[in-house]
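Enquirer: File structure_3.pdb follows (PDB, C-alpha atoms, pLDDT in the B column):
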```pdb
ATOM      1  CA  ARG A 253     -77.966  -2.219   6.642  1.00 63.00           C
ATOM      2  CA  ASP A 254     -74.754  -0.258   6.667  1.00 76.00           C
ATOM      3  CA  ASN A 255     -71.248  -1.314   7.701  1.00 81.00           C
ATOM      4  CA  SER A 256     -70.086  -0.282  11.166  1.00 85.00           C
ATOM      5  CA  SER A 257     -66.674   1.256  11.800  1.00 89.00           C
ATOM      6  CA  PHE A 258     -64.998   0.159  15.045  1.00 88.00           C
ATOM      7  CA  VAL A 259     -61.512   1.668  14.882  1.00 91.00           C
ATOM      8  CA  ARG A 260     -59.536   3.835  12.474  1.00 95.00           C
ATOM      9  CA  GLN A 261     -55.805   4.633  12.343  1.00 95.00           C
ATOM     10  CA  LEU A 262     -53.949   7.060  10.097  1.00 96.00           C
ATOM     11  CA  LEU A 263     -50.897   5.471   8.415  1.00 96.00           C
ATOM     12  CA  LEU A 264     -47.942   6.843   6.446  1.00 96.00           C
ATOM     13  CA  LEU A 265     -46.903   3.816   4.378  1.00 95.00           C
ATOM     14  CA  GLY A 266     -44.480   4.479   1.534  1.00 95.00           C
ATOM     15  CA  PRO A 267     -45.245   3.356  -2.012  1.00 96.00           C
ATOM     16  CA  GLY A 268     -44.785  -0.316  -2.776  1.00 96.00           C
ATOM     17  CA  ARG A 269     -45.759  -3.675  -1.355  1.00 96.00           C
ATOM     18  CA  HIS A 270     -46.573  -4.152   2.340  1.00 95.00           C
ATOM     19  CA  ARG A 271     -48.272  -6.829   4.452  1.00 95.00           C
ATOM     20  CA  ILE A 272     -50.303  -6.360   7.626  1.00 93.00           C
ATOM     21  CA  ARG A 273     -50.920  -9.195  10.090  1.00 93.00           C
ATOM     22  CA  THR A 274     -53.438  -9.162  12.935  1.00 91.00           C
ATOM     23  CA  ASP A 275     -53.046 -11.227  16.090  1.00 91.00           C
ATOM     24  CA  VAL A 276     -56.656 -12.170  16.731  1.00 88.00           C
ATOM     25  CA  SER A 277     -58.479 -14.690  18.932  1.00 87.00           C
ATOM     26  CA  THR A 278     -61.995 -15.701  17.953  1.00 79.00           C
ATOM     27  CA  SER A 279     -64.055 -18.683  16.922  1.00 73.00           C
ATOM     28  CA  ASP A 280     -65.750 -16.611  14.199  1.00 72.00           C
ATOM     29  CA  THR A 281     -64.664 -13.259  12.769  1.00 69.00           C
ATOM     30  CA  GLY A 282     -68.325 -12.295  12.468  1.00 68.00           C
ATOM     31  CA  GLY A 283     -67.871 -10.321   9.271  1.00 79.00           C
ATOM     32  CA  LEU A 284     -65.014  -8.165  10.613  1.00 87.00           C
ATOM     33  CA  ARG A 285     -62.700  -6.851   7.914  1.00 91.00           C
ATOM     34  CA  TRP A 286     -59.803  -4.432   7.578  1.00 94.00           C
ATOM     35  CA  ALA A 287     -60.091  -1.758   4.899  1.00 95.00           C
ATOM     36  CA  LEU A 288     -57.176   0.370   3.732  1.00 96.00           C
ATOM     37  CA  ARG A 289     -57.921   3.541   1.786  1.00 96.00           C
ATOM     38  CA  CYS A 290     -56.012   6.585   0.640  1.00 97.00           C
ATOM     39  CA  VAL A 291     -57.077   9.734   2.514  1.00 96.00           C
ATOM     40  CA  ASP A 292     -58.825  10.884  -0.686  1.00 96.00           C
ATOM     41  CA  GLY A 293     -61.137   7.827  -0.399  1.00 95.00           C
ATOM     42  CA  ARG A 294     -59.605   5.502  -2.998  1.00 96.00           C
ATOM     43  CA  ASN A 295     -59.804   1.879  -1.900  1.00 95.00           C
ATOM     44  CA  ILE A 296     -56.455   0.059  -1.734  1.00 95.00           C
ATOM     45  CA  SER A 297     -57.463  -3.251  -0.168  1.00 95.00           C
ATOM     46  CA  GLU A 298     -59.979  -4.997   2.063  1.00 93.00           C
ATOM     47  CA  TRP A 299     -59.494  -8.344   3.824  1.00 93.00           C
ATOM     48  CA  ASP A 300     -60.835 -10.596   6.588  1.00 90.00           C
ATOM     49  CA  ILE A 301     -59.424  -9.688  10.017  1.00 89.00           C
ATOM     50  CA  ALA A 302     -57.960 -13.190  10.475  1.00 86.00           C
ATOM     51  CA  GLN A 303     -55.974 -13.050   7.209  1.00 89.00           C
ATOM     52  CA  THR A 304     -52.742 -11.255   6.331  1.00 91.00           C
ATOM     53  CA  GLY A 305     -53.447  -8.194   4.186  1.00 92.00           C
ATOM     54  CA  GLN A 306     -51.403  -7.857   0.983  1.00 92.00           C
ATOM     55  CA  LEU A 307     -51.109  -4.165   0.162  1.00 93.00           C
ATOM     56  CA  ASP A 308     -49.811  -2.345  -2.910  1.00 95.00           C
ATOM     57  CA  ILE A 309     -49.566   1.342  -2.049  1.00 96.00           C
ATOM     58  CA  PRO A 310     -49.643   3.584  -5.138  1.00 96.00           C
ATOM     59  CA  ASN A 311     -47.078   6.379  -5.576  1.00 97.00           C
ATOM     60  CA  ASP A 312     -49.728   9.085  -5.173  1.00 97.00           C
ATOM     61  CA  CYS A 313     -51.125   7.742  -1.868  1.00 97.00           C
ATOM     62  CA  GLY A 314     -48.723   8.890   0.849  1.00 95.00           C
ATOM     63  CA  VAL A 315     -51.320   8.897   3.657  1.00 97.00           C
ATOM     64  CA  GLN A 316     -53.827   6.096   4.309  1.00 97.00           C
ATOM     65  CA  TRP A 317     -56.644   5.152   6.666  1.00 97.00           C
ATOM     66  CA  LEU A 318     -56.662   1.635   8.119  1.00 95.00           C
ATOM     67  CA  GLU A 319     -60.173   0.904   9.386  1.00 95.00           C
ATOM     68  CA  LEU A 320     -61.737  -2.096  11.127  1.00 92.00           C
ATOM     69  CA  ILE A 321     -65.254  -2.503   9.778  1.00 92.00           C
ATOM     70  CA  GLY A 322     -68.093  -4.880  10.498  1.00 86.00           C
ATOM     71  CA  ARG A 323     -70.354  -6.086   7.728  1.00 77.00           C
ATOM     72  CA  PRO A 324     -73.903  -6.985   8.705  1.00 72.00           C
ATOM     73  CA  LEU A 325     -74.582 -10.723   8.737  1.00 70.00           C
ATOM     74  CA  ASP A 326     -77.782 -12.363   7.506  1.00 71.00           C
ATOM     75  CA  MET A 327     -78.471 -13.705  10.985  1.00 69.00           C
ATOM     76  CA  PRO A 328     -77.493 -11.421  13.890  1.00 72.00           C
ATOM     77  CA  ALA A 329     -75.122 -13.073  16.342  1.00 71.00           C
ATOM     78  CA  THR A 330     -72.888 -12.174  19.256  1.00 76.00           C
ATOM     79  CA  THR A 331     -69.190 -12.809  18.682  1.00 75.00           C
ATOM     80  CA  GLU A 332     -66.217 -12.168  20.939  1.00 80.00           C
ATOM     81  CA  VAL A 333     -63.093 -11.014  19.123  1.00 82.00           C
ATOM     82  CA  VAL A 334     -59.816 -10.112  20.851  1.00 86.00           C
ATOM     83  CA  VAL A 335     -57.232  -8.216  18.802  1.00 86.00           C
ATOM     84  CA  SER A 336     -53.901  -8.372  20.614  1.00 88.00           C
ATOM     85  CA  GLY A 337     -51.739  -6.818  17.922  1.00 89.00           C
ATOM     86  CA  VAL A 338     -51.546  -5.407  14.410  1.00 89.00           C
ATOM     87  CA  ARG A 339     -48.183  -5.222  12.703  1.00 90.00           C
ATOM     88  CA  LEU A 340     -46.482  -4.602   9.390  1.00 85.00           C
ATOM     89  CA  ILE A 341     -44.478  -7.604   8.218  1.00 81.00           C
TER      90      ILE A 341
END
```
In structure tokens, write the structure found in this file.
Expert:
Amino acid sequence: RDNSSFVRQLLLLGPGRHRIRTDVSTSDTGGLRWALRCVDGRNISEWDIAQTGQLDIPNDCGVQWLELIGRPLDMPATTEVVVSGVRLI
């Protein structure tokens, strides 16, 4: 089974170290993860939605995609997840 993409946002983060925090309410993240990639497809980082993402943006990656993806679980389940904010810290 393939990953599902739920939301995608274009970012213009400058080179260097950044952190992204998500304000999320859930009892189980259900396999939801953030993925950050350069627009040319190179993977920068991927992390669980409930964690703070530690990002090192390379010099040659001036435009990025931040994408919320769902990974299929072994046992299908219904999960409610409320994202009330995403911010750079």
Enquirer: Calculated over only C-alpha atoms, which of the candidates A:Val291, A:Leu320, A:Ala302, A:Ile309 has the smallest distance to Arg269 in chain A?
Expert: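 The shortest atom-to-atom distance to Arg269 in chain A comes from A:Ile309.
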Enquirer: Do you know which residues the PyMOL selection byres ((chain A and resi 259) around 6) returns on this file, as a ChimeraX atom specification?
Expert: /A:258,260,319-320
Enquirer: Using all atoms listed in the file, which residues sit within 6 Å of Ala287 in chain A once same-chain residues fewer than 4 positions away are excluded, as a list in words?
Expert: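 Listing them by chain and then by number gives Ser297, Glu298, Leu318 and Glu319 of chain A.
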Enquirer: Take the residues from that selection and write them out as a PDB file, in the coordinates of the input, keeping C-alpha atoms.
Expert:
```pdb
ATOM      1  CA  SER A 297     -57.463  -3.251  -0.168  1.00 95.00           C
ATOM      2  CA  GLU A 298     -59.979  -4.997   2.063  1.00 93.00           C
ATOM      3  CA  LEU A 318     -56.662   1.635   8.119  1.00 95.00           C
ATOM      4  CA  GLU A 319     -60.173   0.904   9.386  1.00 95.00           C
TER       5      GLU A 319
END
```
Enquirer: Counting all atoms listed in the file, figure out which residue out of A:Arg285, A:Ile301, A:Asp292, A:Thr278 gets nearest to Ser257 in chain A.
Expert: A:Arg285
Enquirer: Find the residue from A:Leu307, A:Leu288, A:Leu265, A:Ile272 that sits nearest to Gly337 in chain A; use only C-alpha atoms when measuring.
Expert: A:Ile272
Enquirer: Which of these, A:Trp317, A:Val276, A:Asp312, A:Gly322, has the shortest distance to Gly293 in chain A once you count only C-alpha atoms?
Expert: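 Of A:Trp317, A:Val276, A:Asp312, A:Gly322, the one nearest Gly293 in chain A is A:Trp317, counting only C-alpha atoms.
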Enquirer: Edge lengths and centre, in Å to one decimal, as AutoDock Vina command-line options: that's what I need for the box along x, y and z that holds all listed atoms of range 301-304 of chain A plus 6 Å on each side.
Expert:
```
--center_x -56.1 --center_y -11.4 --center_z 8.4 --size_x 18.7 --size_y 15.5 --size_z 16.1
```
Enquirer: Using CA of Ser336 in chain A and CA of Gln316 in chain A as the two end points, give the distance in Å to one decimal.
Expert: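 Going from CA of Ser336 in chain A over to CA of Gln316 in chain A, I get 21.8 Å.
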Enquirer: I need the residue nearest Asp326 in chain A from this list: A:Gly283, A:Arg294, A:Ser256, A:Leu263. Use all atoms listed in the file for the distance.
Expert: A:Gly283
Enquirer: Quick one: which residues end up in the PyMOL selection byres ((chain A and resi 340) around 6) for this structure, as a PyMOL selection string?
Expert: chain A and resi 271-272+339+341
Enquirer: Can you work out which one of A:Pro328, A:Val315, A:Val338, A:Arg289 has the shortest atom-to-atom distance to Pro267 in chain A, counting all atoms listed in the file?
Expert: A:Val315
Enquirer: Show which residues sit within 12 Å of Asp254 in chain A, as a VMD selection string. Count all atoms listed in the file, and ignore same-chain residues fewer than 4 positions away.
Expert: chain A and resid 321 to 325
Enquirer: Could those residues be written to a file, using C-alpha atoms, as a PDB file, in the frame of the given file?
Expert:
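Result written to again.pdb:
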```
ATOM      1  CA  ILE A 321     -65.254  -2.503   9.778  1.00 92.00           C
ATOM      2  CA  GLY A 322     -68.093  -4.880  10.498  1.00 86.00           C
ATOM      3  CA  ARG A 323     -70.354  -6.086   7.728  1.00 77.00           C
ATOM      4  CA  PRO A 324     -73.903  -6.985   8.705  1.00 72.00           C
ATOM      5  CA  LEU A 325     -74.582 -10.723   8.737  1.00 70.00           C
TER       6      LEU A 325
END
```
Enquirer: Mind giving me the straight-line distance from CA of Gln306 in chain A to CA of Gly268 in chain A in Å, one decimal?
Expert: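 Atom-to-atom, CA of Gln306 in chain A and CA of Gly268 in chain A are spaced 10.7 Å apart.
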Enquirer: Please, what distance in Å, to one decimal, runs between CA of Ile296 in chain A and CA of Ser277 in chain A?
Expert: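 Taking CA of Ile296 in chain A as the start and CA of Ser277 in chain A as the end point, the length is 25.5 Å.
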